[in-house]
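*Asks:* Below: one structure in structure tokens.
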Amino acid sequence: MDEKRLNELRKYSTIIRRHIIEAVYNAKSGHPGGSLSSADIMTVLYFNEMRVDPKNPAWEDRDRFVLSKGHCSPALYAALAEKGFFPVEELSKFRHIDSFLEGHPSMRYVPGVDMSTGSLGQGISAAVGMAIAGKLDKKDYYVYAMLGDGEIQEGQVWEALMAASHYKLNNLIAFLDYNHLQIDGNITEVMSPEPVIDKIRAFGWNVITIDGHDFMQISNAVCEAKKSKDKPTMIIAETIKGKGVSFMENKADWHGSPPNKEQRDQAIAELDAILAGLEGE
Amino acid sequence: MQEKIATREAYGKTLAEIGSDPRIVVMDADLSKSTKTDIFKKKYPERFFNMGIAEANMMAAAAGIASCGKVVFASTFAMFASGRAFEQVRNSICYPQLNVKIGASHSGLTVGEDGASHQTIEDIALMRVIPNMTVVSPADAVEARHATIAAYKTPGPFYLRLTRLAVPVIFDESYKFELGKGVTLREGNDVAIIATGLMVSKAIEAADILKREGINARLINIHTIKPIDRDIIIKAATETGAIVTCEEHNIIGGWVVLWLRFWWKPALFR
């Protein structure tokens, strides 16, 4: 990945963050914190890694993406819209009663959404199923999934991890958006899942740890995961909840609260400044 | 003596029969010998997936496989299919309307010796309230075969309520099964007995006893609980004035409540 490409990805991720803020502000509800922490991974996946065709969302040979932490739909919707799956203008209707962009993504209504999610712990199982289907059909597609760190408190996640290694699903690449915060506070205070790396490894997965805001590290981790011969891979991405908006960073309160007008203006100003800087390069 | 076969047995055999379609995938949660999916497994091992004792994961994984164009039959006991994995069935299968067929064996009271922990008298209530779900409760092995084929051919989520106990074979090969249509087994205007599942054979016995006492009971088999055949029930109520229902289920939330709530008119009854 050269500097030009990195610059493009930086622009996309900043635009996605801008969409997240606007969507949640317009909806007066939604989940900015985890959307912002996952935005860079989403950017690299949709603009550098995944084999998808916005003109043919149901393409059989496409790579799949399952947002197991479905409440971070603003990040996914923004990536899909920027990729061309549906008009960017639709994002302003996020969570509105007449919009197909529900708070949690529906595969029935949103082009490019591969699985309806929202109830935590279920998406990773669906991704396991897609990876099994890929093996059955001898397809070369990859299934990507994104889990929240709070989400892995769900027992079903561990059932899914067990099944993925049992069936040697090396076509399954999952990300753990490890931003350390859930609604009620720090995950180690609410219900510690530690030691996460050891546990996931013990469930038979390859584990790669990265900085989830470093495009090169994200891309290299995917490249590394694709070399796996017989194991699924979990990329544990250290991230910052609320990343990219100064006053939202590392604050659990921004898990599920919308910004007010003043906060929205400040967030957009900060992101626009980043974009202006990138244009100058 | 009348031949007896469990509906789960017919389910397993039918899966092996229709398994020539490569889209069919069968999953089980460590109960394949009991749910009889092992019959399919022996014939098509590459399309059989044992998911272990982890029903929540099995149901959502079934949804994932179905999203890739497969027809997935996911099997376990009714208690775990409808109870433990309820929310996975609701959110991962029924909400996106994926092509997953739940083969739920050991429903009702007739798991007998296993005791109350396994006696599922709530599954009709739980499954029929979920939007997009079809619920079928076959009366015998012949009907179970037809119901399994109907599940295979009908797009979308499907709950097949199967039983452990061997039950008398009521129907012969000429039986025509139509999804959503009740079947009148005996004509009569003194009383109507409407039954589902293995209670149908018991209802036949009851009708015979009544016959000896000079009472002509109309006997109706309701194999499809959702969508319910309201016409046949209203007609029976109108023409006989008295209905007796038989289901191996809690009356609270059972199919009986389904039609009572919406269509019962006191004036229809004497």
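Chain identifiers are assigned as A, B, and so on, following the order in which chains appear in the structure tokens; residues are numbered from 1 within each chain, and ligands are numbered from 1 in order of appearance.
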Can you pull out every residue within 8 Å of region 31-40 of chain B, counting only C-alpha atoms, but drop anything in the same chain fewer than 6 positions away, and send it as a list of chain:residue names?
*Replies:*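 The contact residues come out as B:Arg8, B:Glu9, B:Tyr11, B:Gly12, B:Lys13, B:Leu15, B:Ala16, B:Gly19, B:Phe48, B:Ser75, B:Thr76, B:Phe77, B:Gly103, B:Ala104, B:Ser105, B:His106, B:Arg164.
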*Asks:* With only C-alpha atoms as the counted atoms, please give the residues lying no more than 9 Å from Met1 (chain A), apart from itself and same-chain residues fewer than 5 positions off, as a list in words.
*Replies:*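 My reading of the contact set: Leu6, Met216 and Ser219 of chain A.
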*Asks:* What does the file look like for those residues with C-alpha atoms, as a PDB file, in the first residue's frame?
*Replies:*
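Okay, this is what ended up in again_12.pdb:
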```
ATOM      1  CA  LEU A   6      -3.157   5.372   2.294  1.00  0.00           C
ATOM      2  CA  MET A 216      -1.306  -0.900   6.994  1.00  0.00           C
ATOM      3  CA  SER A 219      -4.499  -4.756   5.623  1.00  0.00           C
TER       4      SER A 219
END
```
*Asks:* Quick check, in Å to one decimal: how far apart do CA of Ser119 (chain A) and CA of Gly70 (chain A) lie?
*Replies:*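 Result for CA of Ser119 (chain A) versus CA of Gly70 (chain A): 7.3 Å, one decimal.
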*Asks:* Do me a favour and pick out the residues of chain B within 10 Å of chain A, using only C-alpha atoms, as a ChimeraX atom specification.
*Replies:* /B:22-23,25,46-47,49-70,87-88,91-93,95-98
*Asks:* Give me the residues near Ala6 (chain B) as a list of chain:residue names, where near means some atom within 6 Å (using only C-alpha atoms) and where sequence neighbours in that chain fewer than 5 positions away do not count.
*Replies:*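 Once the nearby chain positions are removed, what remains is B:Arg164, B:Leu165, B:Ala166, B:Val167.
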*Asks:* Mind writing the picked residues with N, CA, C and O atoms as a compact mmCIF listing (two decimals), in the first residue's frame?
*Replies:*
```txt
# COMPACT_ATOMS: atom_id res chain seq x y z
N ARG B 164 -41.53 -38.42 19.37
CA ARG B 164 -40.68 -39.59 19.58
C ARG B 164 -41.47 -40.88 19.42
O ARG B 164 -41.00 -41.85 18.84
N LEU B 165 -42.68 -40.86 19.98
CA LEU B 165 -43.48 -42.09 20.08
C LEU B 165 -43.90 -42.63 18.71
O LEU B 165 -44.30 -41.86 17.84
N ALA B 166 -43.82 -43.96 18.57
CA ALA B 166 -44.36 -44.56 17.35
C ALA B 166 -45.88 -44.45 17.41
O ALA B 166 -46.49 -44.77 18.42
N VAL B 167 -46.46 -43.94 16.32
CA VAL B 167 -47.92 -43.76 16.30
C VAL B 167 -48.52 -44.50 15.11
O VAL B 167 -47.85 -44.74 14.10
```
